[in-house]
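A.B. asks: Okay, so here is target-v9.txt, and as you'll see once you scroll down, it has compact mmCIF, C-alpha atoms.
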# COMPACT_ATOMS: atom_id res chain seq x y z
CA MET A 1 21.52 14.96 6.16
CA LYS A 2 22.95 12.99 9.08
CA SER A 3 22.41 15.97 11.39
CA SER A 4 18.81 16.58 10.21
CA ASN A 5 15.46 15.27 11.46
CA LEU A 6 12.74 13.99 9.13
CA LEU A 7 9.02 14.27 9.93
CA VAL A 8 6.88 11.67 8.15
CA ILE A 9 3.11 12.15 8.11
CA THR A 10 0.88 9.32 6.96
CA ASP A 11 -2.75 8.31 7.40
CA ARG A 12 -1.68 4.72 8.09
CA TYR A 13 1.37 3.21 9.77
CA PRO A 14 1.89 -0.28 11.15
CA HIS A 15 0.92 -0.63 14.81
CA GLY A 16 4.08 -2.70 15.21
CA LYS A 17 7.05 -3.62 13.06
CA ASP A 18 5.50 -6.89 11.86
CA SER A 19 2.15 -5.40 10.88
CA VAL A 20 1.04 -5.44 7.23
CA ALA A 21 -0.95 -2.16 7.22
CA SER A 22 0.76 0.46 5.02
CA SER A 23 3.98 -1.54 5.13
CA PHE A 24 5.13 0.44 2.07
CA VAL A 25 5.41 3.57 4.24
CA TYR A 26 7.19 1.66 7.00
CA SER A 27 9.57 0.15 4.44
CA ARG A 28 10.50 3.60 3.13
CA VAL A 29 11.13 4.86 6.65
CA ASN A 30 13.20 1.77 7.42
CA VAL A 31 15.69 2.50 4.62
CA LEU A 32 15.64 6.32 4.92
CA LYS A 33 16.30 6.35 8.68
CA LYS A 34 20.04 5.77 8.20
CA TYR A 35 20.33 9.11 6.39
CA PHE A 36 18.89 11.12 9.32
CA LYS A 37 19.67 11.84 12.94
CA ARG A 38 16.07 11.12 13.93
CA VAL A 39 12.84 10.27 12.13
CA PHE A 40 9.47 11.17 13.61
CA VAL A 41 6.38 9.45 12.21
CA ILE A 42 2.93 10.89 12.88
CA SER A 43 0.22 8.42 11.92
CA LEU A 44 -3.16 10.11 11.53
CA ASN A 45 -5.76 7.67 12.81
CA PRO A 46 -9.48 8.06 13.53
CA PHE A 47 -10.19 7.83 17.25
CA ILE A 48 -12.10 4.61 17.96
CA PRO A 49 -13.10 3.68 21.52
CA LYS A 50 -11.96 0.13 22.29
CA LEU A 51 -15.57 -0.81 23.06
CA PHE A 52 -16.51 -0.12 19.39
CA SER A 53 -13.86 -2.53 18.13
CA LYS A 54 -16.17 -5.41 19.07
CA PHE A 55 -18.86 -4.40 16.57
CA SER A 56 -18.75 -6.08 13.16
CA PHE A 57 -20.25 -3.03 11.40
CA MET A 58 -17.01 -1.13 12.06
CA HIS A 59 -14.42 -1.31 9.26
CA PRO A 60 -11.79 -3.93 10.24
CA ARG A 61 -9.01 -1.34 9.91
CA TRP A 62 -10.81 1.07 12.24
CA ARG A 63 -11.36 -1.70 14.78
CA LYS A 64 -7.61 -2.30 14.90
CA ASP A 65 -6.97 1.44 15.24
CA ALA A 66 -8.62 1.35 18.65
CA PHE A 67 -5.51 -0.43 19.97
CA ALA A 68 -2.80 1.67 18.28
CA LYS A 69 -0.06 2.64 20.75
CA ASP A 70 3.00 4.85 20.30
CA TYR A 71 6.30 3.01 19.93
CA SER A 72 9.94 3.53 18.98
CA TYR A 73 12.64 1.56 17.19
CA ASP A 74 16.22 2.49 16.29
CA ASN A 75 16.16 6.27 15.64
CA VAL A 76 12.43 6.27 14.70
CA GLU A 77 9.67 7.61 16.95
CA VAL A 78 6.12 6.57 15.95
CA ARG A 79 3.21 8.60 17.33
CA PHE A 80 -0.50 8.06 16.64
CA ALA A 81 -2.45 11.31 16.34
CA LYS A 82 -6.07 10.30 16.84
CA TYR A 83 -8.83 12.57 15.58
CA PHE A 84 -12.62 12.33 15.70
CA MET A 85 -14.09 10.84 12.53
CA LEU A 86 -17.34 9.31 11.29
CA PRO A 87 -17.88 7.67 7.84
CA PHE A 88 -20.01 10.52 6.45
CA ASP A 89 -19.18 13.10 3.78
CA PHE A 90 -19.42 15.99 6.29
CA PHE A 91 -16.56 14.47 8.30
CA LYS A 92 -14.55 13.29 5.27
CA ARG A 93 -14.37 16.85 3.96
CA ARG A 94 -13.14 18.12 7.32
CA LYS A 95 -10.85 15.32 8.43
CA GLY A 96 -7.82 17.21 7.15
CA GLU A 97 -8.49 20.01 9.64
CA PHE A 98 -9.33 17.54 12.42
CA ALA A 99 -6.10 15.66 11.75
CA TYR A 100 -4.03 18.85 11.56
CA LYS A 101 -5.19 20.05 14.98
CA VAL A 102 -4.23 16.82 16.76
CA ALA A 103 -0.90 16.61 14.85
CA LYS A 104 0.03 20.17 15.78
CA LYS A 105 -0.82 19.56 19.45
CA LEU A 106 1.32 16.41 19.42
CA ILE A 107 4.29 18.29 17.91
CA GLU A 108 3.98 21.04 20.51
CA ARG A 109 3.49 18.66 23.43
CA GLU A 110 6.47 16.47 22.54
CA LYS A 111 8.58 19.37 21.24
CA ILE A 112 9.26 17.53 17.99
CA ASP A 113 12.03 19.25 16.05
CA PHE A 114 12.22 18.59 12.32
CA ASP A 115 13.95 19.95 9.23
CA LEU A 116 11.94 18.33 6.44
CA ILE A 117 8.35 17.07 6.06
CA HIS A 118 7.35 14.08 3.93
CA ALA A 119 3.59 13.42 3.74
CA HIS A 120 2.26 10.14 2.34
CA PHE A 121 -1.11 10.47 0.56
CA ILE A 122 -2.35 13.89 -0.50
CA TYR A 123 -5.33 13.94 1.86
CA PRO A 124 -5.40 14.20 4.80
CA SER A 125 -1.60 13.83 5.27
CA GLY A 126 -0.63 16.29 2.55
CA TYR A 127 -3.12 18.81 3.93
CA VAL A 128 -1.57 18.45 7.40
CA GLY A 129 1.92 18.77 5.91
CA ALA A 130 0.97 21.95 4.03
CA LYS A 131 -0.37 23.56 7.23
CA LEU A 132 2.77 22.58 9.16
CA LYS A 133 4.99 23.91 6.36
CA GLU A 134 3.23 27.26 6.64
CA ILE A 135 3.71 27.45 10.42
CA TYR A 136 7.21 26.01 10.77
CA ASN A 137 8.63 27.16 7.41
CA LYS A 138 10.02 23.73 6.53
CA PRO A 139 10.14 22.18 3.03
CA LEU A 140 7.39 19.69 2.15
CA ILE A 141 7.42 16.62 -0.08
CA ILE A 142 4.12 14.84 -0.76
CA THR A 143 3.88 11.31 -2.14
CA GLY A 144 0.65 10.52 -3.98
CA HIS A 145 0.25 6.75 -3.89
CA GLY A 146 -2.96 5.74 -5.64
CA HIS A 147 -6.62 6.67 -5.08
CA ASP A 148 -5.54 10.08 -3.79
CA VAL A 149 -4.23 10.79 -7.31
CA TYR A 150 -6.39 8.83 -9.76
CA ASP A 151 -9.73 9.05 -7.92
CA MET A 152 -10.06 11.70 -5.22
CA PRO A 153 -9.38 14.83 -7.37
CA PHE A 154 -11.89 13.66 -9.96
CA LYS A 155 -14.87 13.06 -7.66
CA ASN A 156 -16.20 16.60 -8.00
CA GLN A 157 -15.06 20.21 -8.24
CA TRP A 158 -14.75 20.62 -4.45
CA TRP A 159 -12.29 17.75 -4.15
CA LYS A 160 -10.41 18.83 -7.27
CA GLU A 161 -9.80 22.31 -5.90
CA LYS A 162 -8.85 20.92 -2.47
CA ILE A 163 -6.29 18.47 -3.90
CA ILE A 164 -4.78 21.00 -6.33
CA ASN A 165 -4.41 23.56 -3.53
CA ILE A 166 -2.55 21.04 -1.37
CA LEU A 167 -0.26 19.97 -4.23
CA ASN A 168 0.57 23.57 -5.10
CA GLN A 169 1.89 24.11 -1.57
CA ALA A 170 4.35 21.21 -1.77
CA ASN A 171 7.97 21.87 -2.70
CA HIS A 172 7.99 18.59 -4.62
CA ILE A 173 5.62 15.72 -5.39
CA ILE A 174 6.59 12.07 -5.68
CA THR A 175 4.24 9.57 -7.26
CA VAL A 176 4.63 5.84 -7.79
CA SER A 177 3.62 5.27 -11.41
CA LYS A 178 3.59 6.90 -14.84
CA SER A 179 -0.21 6.72 -14.90
CA ASN A 180 -0.34 8.77 -11.67
CA TYR A 181 2.28 11.14 -13.09
CA ASP A 182 -0.02 11.79 -16.08
CA LYS A 183 -2.97 12.43 -13.72
CA LEU A 184 -0.93 15.05 -11.87
CA LEU A 185 -0.11 16.77 -15.16
CA GLN A 186 -3.87 16.78 -15.90
CA LEU A 187 -4.35 18.67 -12.65
CA GLY A 188 -1.95 21.35 -13.83
CA ILE A 189 1.07 20.38 -11.74
CA PRO A 190 4.28 21.23 -13.67
CA SER A 191 6.43 18.25 -14.67
CA THR A 192 9.49 19.88 -13.05
CA LYS A 193 7.77 19.49 -9.68
CA ILE A 194 7.02 15.74 -10.01
CA SER A 195 9.20 12.65 -9.66
CA ASN A 196 8.02 9.14 -10.53
CA ILE A 197 9.59 6.79 -7.96
CA PRO A 198 7.97 3.34 -7.70
CA ASN A 199 7.38 1.21 -4.63
CA GLY A 200 9.86 -1.53 -3.80
CA TYR A 201 10.54 -4.58 -1.67
CA ASP A 202 12.86 -5.76 1.08
CA PRO A 203 15.20 -8.43 -0.37
CA SER A 204 16.16 -9.64 3.09
CA LEU A 205 12.53 -10.78 3.54
CA PHE A 206 11.25 -11.36 0.03
CA LYS A 207 13.68 -13.83 -1.51
CA PRO A 208 13.49 -17.39 -2.81
CA ILE A 209 12.69 -19.99 -0.15
CA SER A 210 12.12 -23.67 -0.86
CA MET A 211 8.52 -24.24 -1.98
CA ASN A 212 8.34 -27.51 -0.08
CA ASP A 213 9.75 -25.96 3.11
CA SER A 214 7.29 -23.06 2.83
CA ARG A 215 4.36 -25.41 2.33
CA ARG A 216 5.38 -27.57 5.27
CA LYS A 217 5.69 -24.49 7.49
CA LEU A 218 2.24 -23.23 6.45
CA LYS A 219 0.65 -26.70 6.36
CA ILE A 220 -0.30 -26.34 2.69
CA PRO A 221 -0.88 -29.50 0.58
CA MET A 222 2.25 -30.56 -1.28
CA ASP A 223 0.36 -32.21 -4.13
CA LYS A 224 -1.71 -29.23 -5.32
CA LYS A 225 -1.00 -26.29 -7.58
CA ILE A 226 -1.36 -23.15 -5.48
CA ILE A 227 -2.68 -19.81 -6.68
CA LEU A 228 -2.08 -16.99 -4.19
CA SER A 229 -3.51 -13.50 -3.86
CA VAL A 230 -2.57 -11.03 -1.12
CA GLY A 231 -4.56 -7.84 -0.60
CA ASN A 232 -7.25 -6.13 1.44
CA LEU A 233 -10.70 -7.63 0.88
CA GLU A 234 -12.11 -4.47 -0.67
CA ILE A 235 -13.97 -4.03 -3.96
CA VAL A 236 -11.02 -2.27 -5.65
CA LYS A 237 -8.82 -5.37 -5.21
CA GLY A 238 -11.09 -7.38 -7.53
CA HIS A 239 -11.17 -10.68 -5.62
CA GLU A 240 -14.68 -11.28 -6.92
CA TYR A 241 -13.21 -11.79 -10.40
CA LEU A 242 -10.51 -14.16 -9.17
CA ILE A 243 -13.14 -16.33 -7.48
CA LYS A 244 -15.27 -16.34 -10.63
CA ALA A 245 -12.19 -17.21 -12.70
CA MET A 246 -11.53 -20.19 -10.45
CA LYS A 247 -14.75 -21.83 -11.67
CA LYS A 248 -13.23 -22.13 -15.14
CA VAL A 249 -9.72 -22.96 -13.86
CA ILE A 250 -10.85 -26.03 -11.91
CA GLN A 251 -12.72 -27.33 -14.97
CA LYS A 252 -9.40 -27.48 -16.85
CA GLU A 253 -6.95 -28.29 -14.05
CA LYS A 254 -7.18 -30.82 -11.25
CA ASP A 255 -5.82 -30.39 -7.73
CA ILE A 256 -5.96 -26.59 -7.68
CA LEU A 257 -6.14 -24.49 -4.52
CA CYS A 258 -6.61 -20.70 -4.50
CA LEU A 259 -5.51 -18.98 -1.28
CA ILE A 260 -6.54 -15.38 -0.59
CA VAL A 261 -4.67 -13.57 2.20
CA GLY A 262 -6.20 -10.37 3.56
CA ALA A 263 -8.97 -8.85 5.63
CA GLY A 264 -11.61 -6.28 4.77
CA SER A 265 -15.22 -5.27 4.37
CA GLN A 266 -15.91 -7.68 1.47
CA ARG A 267 -15.11 -10.91 3.30
CA ARG A 268 -18.72 -11.96 3.84
CA ASN A 269 -19.68 -11.19 0.22
CA LEU A 270 -16.72 -13.21 -1.05
CA GLU A 271 -17.61 -16.15 1.21
CA ILE A 272 -21.15 -16.11 -0.21
CA LEU A 273 -19.74 -16.08 -3.76
CA VAL A 274 -17.42 -19.03 -3.02
CA ASN A 275 -20.37 -21.05 -1.67
CA ARG A 276 -22.68 -20.06 -4.53
CA LEU A 277 -20.14 -21.25 -7.11
CA GLY A 278 -19.45 -24.45 -5.18
CA LEU A 279 -15.77 -23.63 -4.73
CA GLN A 280 -15.46 -24.45 -1.02
CA ASP A 281 -12.81 -27.10 -1.74
CA ASN A 282 -10.80 -24.87 -4.07
CA VAL A 283 -10.85 -21.35 -2.61
CA ARG A 284 -9.85 -20.38 0.93
CA LEU A 285 -10.09 -16.94 2.52
CA LEU A 286 -7.27 -16.97 5.06
CA GLY A 287 -7.68 -13.55 6.70
CA SER A 288 -4.74 -11.25 7.41
CA LYS A 289 -1.25 -12.58 8.12
CA LEU A 290 1.80 -11.05 9.76
CA HIS A 291 4.07 -9.22 7.32
CA GLY A 292 6.99 -11.51 8.17
CA GLU A 293 4.89 -14.53 7.18
CA ILE A 294 3.97 -13.25 3.70
CA PRO A 295 7.28 -14.36 2.07
CA PHE A 296 6.46 -17.98 2.96
CA TRP A 297 3.00 -17.71 1.40
CA ILE A 298 4.46 -16.27 -1.81
CA ASN A 299 7.18 -18.92 -1.99
CA ALA A 300 4.59 -21.65 -1.40
CA CYS A 301 2.59 -20.71 -4.50
CA ASP A 302 2.95 -21.63 -8.16
CA VAL A 303 1.39 -18.41 -9.46
CA PHE A 304 0.66 -15.08 -7.77
CA VAL A 305 -2.53 -13.23 -8.85
CA LEU A 306 -3.60 -9.63 -8.19
CA PRO A 307 -6.94 -8.94 -9.94
CA SER A 308 -7.19 -5.23 -8.97
CA LEU A 309 -9.70 -2.86 -10.55
CA ASN A 310 -7.34 0.05 -9.92
CA GLU A 311 -3.93 0.52 -8.35
CA GLY A 312 -1.11 2.93 -7.76
CA ASN A 313 1.94 0.69 -7.69
CA PRO A 314 1.25 -2.36 -5.50
CA THR A 315 4.12 -3.30 -3.17
CA VAL A 316 3.07 -6.95 -3.24
CA MET A 317 3.89 -7.08 -6.97
CA PHE A 318 7.54 -6.29 -6.23
CA GLU A 319 7.53 -8.75 -3.33
CA CYS A 320 6.24 -11.43 -5.69
CA LEU A 321 9.04 -10.72 -8.20
CA GLY A 322 11.59 -10.62 -5.37
CA CYS A 323 10.65 -14.23 -4.58
CA GLY A 324 11.08 -15.16 -8.25
CA LYS A 325 7.38 -15.88 -8.80
CA PRO A 326 5.38 -15.07 -11.96
CA PHE A 327 2.76 -12.34 -11.59
CA VAL A 328 -0.73 -12.50 -13.09
CA GLY A 329 -2.59 -9.21 -12.81
CA THR A 330 -4.57 -6.47 -14.50
CA ARG A 331 -3.55 -3.58 -16.74
CA VAL A 332 -4.21 -0.84 -14.20
CA GLY A 333 -2.12 1.87 -12.53
CA GLY A 334 1.61 1.25 -12.54
CA ILE A 335 1.39 -2.52 -13.05
CA PRO A 336 2.02 -2.47 -16.86
CA GLU A 337 5.07 -0.25 -16.24
CA VAL A 338 6.67 -3.07 -14.21
CA ILE A 339 5.33 -6.27 -15.81
CA ILE A 340 6.77 -5.33 -19.19
CA SER A 341 7.02 -8.79 -20.75
CA GLU A 342 5.57 -12.28 -20.49
CA LYS A 343 8.88 -13.39 -18.99
CA LEU A 344 7.64 -11.73 -15.79
CA GLY A 345 3.91 -12.43 -15.87
CA ILE A 346 0.66 -12.07 -17.74
CA LEU A 347 -1.68 -9.07 -17.67
CA VAL A 348 -5.39 -8.91 -18.55
CA GLU A 349 -8.12 -6.30 -18.54
CA PRO A 350 -9.76 -5.63 -15.14
CA LYS A 351 -13.24 -7.00 -14.37
CA ASN A 352 -12.82 -9.83 -16.90
CA HIS A 353 -12.86 -13.19 -15.16
CA GLU A 354 -12.73 -15.12 -18.43
CA GLN A 355 -9.44 -13.47 -19.45
CA LEU A 356 -8.15 -13.90 -15.90
CA ALA A 357 -8.94 -17.63 -15.93
CA ASP A 358 -7.12 -18.07 -19.26
CA ALA A 359 -4.08 -16.16 -17.92
CA ILE A 360 -3.96 -18.30 -14.76
CA LEU A 361 -4.17 -21.51 -16.79
CA LYS A 362 -1.42 -20.29 -19.11
CA ALA A 363 0.77 -19.31 -16.16
CA LEU A 364 0.27 -22.65 -14.41
CA ASN A 365 1.45 -24.55 -17.48
CA LYS A 366 4.35 -22.30 -18.45
CA GLU A 367 8.02 -22.95 -17.72
CA TRP A 368 9.15 -19.78 -15.91
CA ASP A 369 12.76 -18.55 -15.70
CA ARG A 370 13.09 -17.76 -12.00
CA GLU A 371 16.59 -16.29 -12.35
CA TYR A 372 15.38 -13.84 -14.99
CA ILE A 373 12.59 -12.66 -12.68
CA LEU A 374 14.97 -12.33 -9.70
CA ASN A 375 17.54 -10.33 -11.66
CA TYR A 376 14.86 -8.01 -13.00
CA ALA A 377 13.48 -7.41 -9.49
CA LYS A 378 16.82 -6.14 -8.10
CA GLN A 379 16.23 -2.63 -9.44
CA PHE A 380 13.20 -2.32 -7.12
CA THR A 381 14.82 -3.04 -3.75
CA TRP A 382 14.01 -0.43 -1.11
CA ASP A 383 17.70 0.53 -0.92
CA GLU A 384 17.62 1.47 -4.60
CA ILE A 385 14.33 3.34 -4.17
CA ALA A 386 15.78 5.21 -1.15
CA LYS A 387 18.59 6.63 -3.31
CA SER A 388 16.02 8.24 -5.61
CA ILE A 389 14.04 9.65 -2.68
CA MET A 390 17.18 11.06 -1.06
CA ALA A 391 18.07 12.80 -4.34
CA VAL A 392 14.69 14.57 -4.15
CA TYR A 393 15.24 15.51 -0.50
CA GLU A 394 18.67 16.99 -1.23
CA GLU A 395 17.43 18.98 -4.21
CA VAL A 396 14.45 20.34 -2.27
CA CYS A 397 16.58 21.34 0.71
CA LYS A 398 19.18 22.97 -1.53
CA ASN A 399 16.50 25.04 -3.30
CA ASP A 400 14.87 25.91 0.03
CA ARG A 401 18.15 27.29 1.38
CA GLY A 402 18.83 29.10 -1.68
What is this structure when it is put down as structure tokens?

C.D. replies:
Amino acid sequence: MKSSNLLVITDRYPHGKDSVASSFVYSRVNVLKKYFKRVFVISLNPFIPKLFSKFSFMHPRWRKDAFAKDYSYDNVEVRFAKYFMLPFDFFKRRKGEFAYKVAKKLIEREKIDFDLIHAHFIYPSGYVGAKLKEIYNKPLIITGHGHDVYDMPFKNQWWKEKIINILNQANHIITVSKSNYDKLLQLGIPSTKISNIPNGYDPSLFKPISMNDSRRKLKIPMDKKIILSVGNLEIVKGHEYLIKAMKKVIQKEKDILCLIVGAGSQRRNLEILVNRLGLQDNVRLLGSKLHGEIPFWINACDVFVLPSLNEGNPTVMFECLGCGKPFVGTRVGGIPEVIISEKLGILVEPKNHEQLADAILKALNKEWDREYILNYAKQFTWDEIAKSIMAVYEEVCKNDRG
């Protein structure tokens, strides 16, 4: 496909190469770009006037979107297609059409030439991809990552019909976990049209680094056991249960520090919870960090914890394993498909802070085999994942020609 151009459509893309937002889409593009002449990325973002970015009632992600600017790197062109959007159901149901109109204008204005479309998330990106497929007669692959598969189609009949219609127009569907695969079968999508290809990690970034060096770099205490969690501060990430679990953990273990990296709408609620439980000396909300800094945070910790209430296939889980760290998490989404033994980590039920506390305590006092974890993680490097994606591309293009 060296002479072909790939069009990637996503509802989130990093505003720069070191941004954390939707880094799993950027990481895919970064390894797939070598197989194509050019890659065009259209990031569908709500239009936010810069003035509004100052208001705290705006979602933190939307406030950052106000400053999104087009950029290029290597053979990749990133363009932000900004559409009008308000956080009401009327607009949510129509944002696919809003996004499609601005994407189509952008393609026409910049004369973007492409041979294959890959849309990340079924709505609105998959909707936009389906409309473009119809107009330009190009094959379409849609990747369903998480909530767009396990939640959105099951909200009500309107959303179910919308999502099924979009999926039926795709030449092929990729999803990131067996649990999502089963949801797609529930929606009537034939198994021959679905591939289960997990997320991955970049081994040039996420690799073992000295714990002491990492702690010195980040100015983290050397004499404490560190629990780390990385994720958006949203309800679905379950940080509330990690903070509640810490109350029990500090009763059993001395010199414990829980660090939570991420930004989001729940920050204030989590701060209130930390204060109410008297955990100010043991739990710190650190805000968002640059993507290139995350490997140091992971390497600085003793145990990584992701207390999600639901997931697709969290990239940070693979990044944790790539650093040789044990993973404590919940039995949701694709997590149990990856953490398949207690040599890799410990899983508990979601929304259960008592179980989570026990798992953290067990993990802190267990002798972990780092080499075993590192060897297991190798199958999930982005280069390995790219081979599976390219196999789908080649099959789809062959069938389309023929």

A.B. asks: Rank A:Tyr100, A:Phe304, A:Phe206, A:Phe318 by their smallest atom-to-atom distance to A:His291, using only C-alpha atoms, and report the top residue only.

C.D. replies: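 Result for the nearest residue to A:His291: A:Phe206.
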
A.B. asks: My list of candidates is A:Lys82, A:Lys101, A:Arg38, A:His353. Which is closest to A:Ala245 when distances are computed with only C-alpha atoms?

C.D. replies: A:His353

A.B. asks: Counting only C-alpha atoms, which residue out of A:Leu361, A:Leu205, A:Val328, A:Leu106 sits closest to A:Ile256?

C.D. replies: A:Leu361

A.B. asks: The residues within 9 Å of (-8.1, -10.3, 8.8), using only C-alpha atoms and the coordinates of the file, should be reported as a VMD selection string; which are they?

C.D. replies: chain A and resid 60 232 to 233 261 to 264 267 286 to 289

A.B. asks: Go ahead and save the residues from that selection, with C-alpha atoms, as a PDB file, in the coordinates of the input.

C.D. replies:
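Generated output (out26.pdb):
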ATOM      1  CA  PRO A  60     -11.790  -3.930  10.240  1.00  0.00           C
ATOM      2  CA  ASN A 232      -7.250  -6.130   1.440  1.00  0.00           C
ATOM      3  CA  LEU A 233     -10.700  -7.630   0.880  1.00  0.00           C
ATOM      4  CA  VAL A 261      -4.670 -13.570   2.200  1.00  0.00           C
ATOM      5  CA  GLY A 262      -6.200 -10.370   3.560  1.00  0.00           C
ATOM      6  CA  ALA A 263      -8.970  -8.850   5.630  1.00  0.00           C
ATOM      7  CA  GLY A 264     -11.610  -6.280   4.770  1.00  0.00           C
ATOM      8  CA  ARG A 267     -15.110 -10.910   3.300  1.00  0.00           C
ATOM      9  CA  LEU A 286      -7.270 -16.970   5.060  1.00  0.00           C
ATOM     10  CA  GLY A 287      -7.680 -13.550   6.700  1.00  0.00           C
ATOM     11  CA  SER A 288      -4.740 -11.250   7.410  1.00  0.00           C
ATOM     12  CA  LYS A 289      -1.250 -12.580   8.120  1.00  0.00           C
TER      13      LYS A 289
END

A.B. asks: Would you list the residues near (-0.3, -28.0, -14.0), meaning any protein, DNA or RNA residue with an atom at most 7 Å from that point in file coordinates, counting only C-alpha atoms, as a count of residues only?

C.D. replies: 4

A.B. asks: Find the spatial neighbours of A:Phe98, counting all atoms listed in the file, within a cut-off of 10 Å - ignore same-chain residues fewer than 2 positions away - and output them as a PDB file with C-alpha atoms, in the frame of the given file.

C.D. replies:
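As written to disk, selection12.pdb reads:
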ATOM      1  CA  LEU A  44      -3.160  10.110  11.530  1.00  0.00           C
ATOM      2  CA  PRO A  46      -9.480   8.060  13.530  1.00  0.00           C
ATOM      3  CA  LYS A  82      -6.070  10.300  16.840  1.00  0.00           C
ATOM      4  CA  TYR A  83      -8.830  12.570  15.580  1.00  0.00           C
ATOM      5  CA  PHE A  84     -12.620  12.330  15.700  1.00  0.00           C
ATOM      6  CA  MET A  85     -14.090  10.840  12.530  1.00  0.00           C
ATOM      7  CA  PHE A  91     -16.560  14.470   8.300  1.00  0.00           C
ATOM      8  CA  LYS A  92     -14.550  13.290   5.270  1.00  0.00           C
ATOM      9  CA  ARG A  93     -14.370  16.850   3.960  1.00  0.00           C
ATOM     10  CA  ARG A  94     -13.140  18.120   7.320  1.00  0.00           C
ATOM     11  CA  LYS A  95     -10.850  15.320   8.430  1.00  0.00           C
ATOM     12  CA  GLY A  96      -7.820  17.210   7.150  1.00  0.00           C
ATOM     13  CA  TYR A 100      -4.030  18.850  11.560  1.00  0.00           C
ATOM     14  CA  LYS A 101      -5.190  20.050  14.980  1.00  0.00           C
ATOM     15  CA  VAL A 102      -4.230  16.820  16.760  1.00  0.00           C
ATOM     16  CA  ALA A 103      -0.900  16.610  14.850  1.00  0.00           C
ATOM     17  CA  PRO A 124      -5.400  14.200   4.800  1.00  0.00           C
ATOM     18  CA  VAL A 128      -1.570  18.450   7.400  1.00  0.00           C
TER      19      VAL A 128
END

A.B. asks: When distances are computed from all atoms listed in the file, which of A:Pro336, A:Gly322, A:Pro153, A:Pro307 shows the smallest separation from A:Leu242?

C.D. replies: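 Counting all atoms listed in the file, the residue closest to A:Leu242 is A:Pro307.
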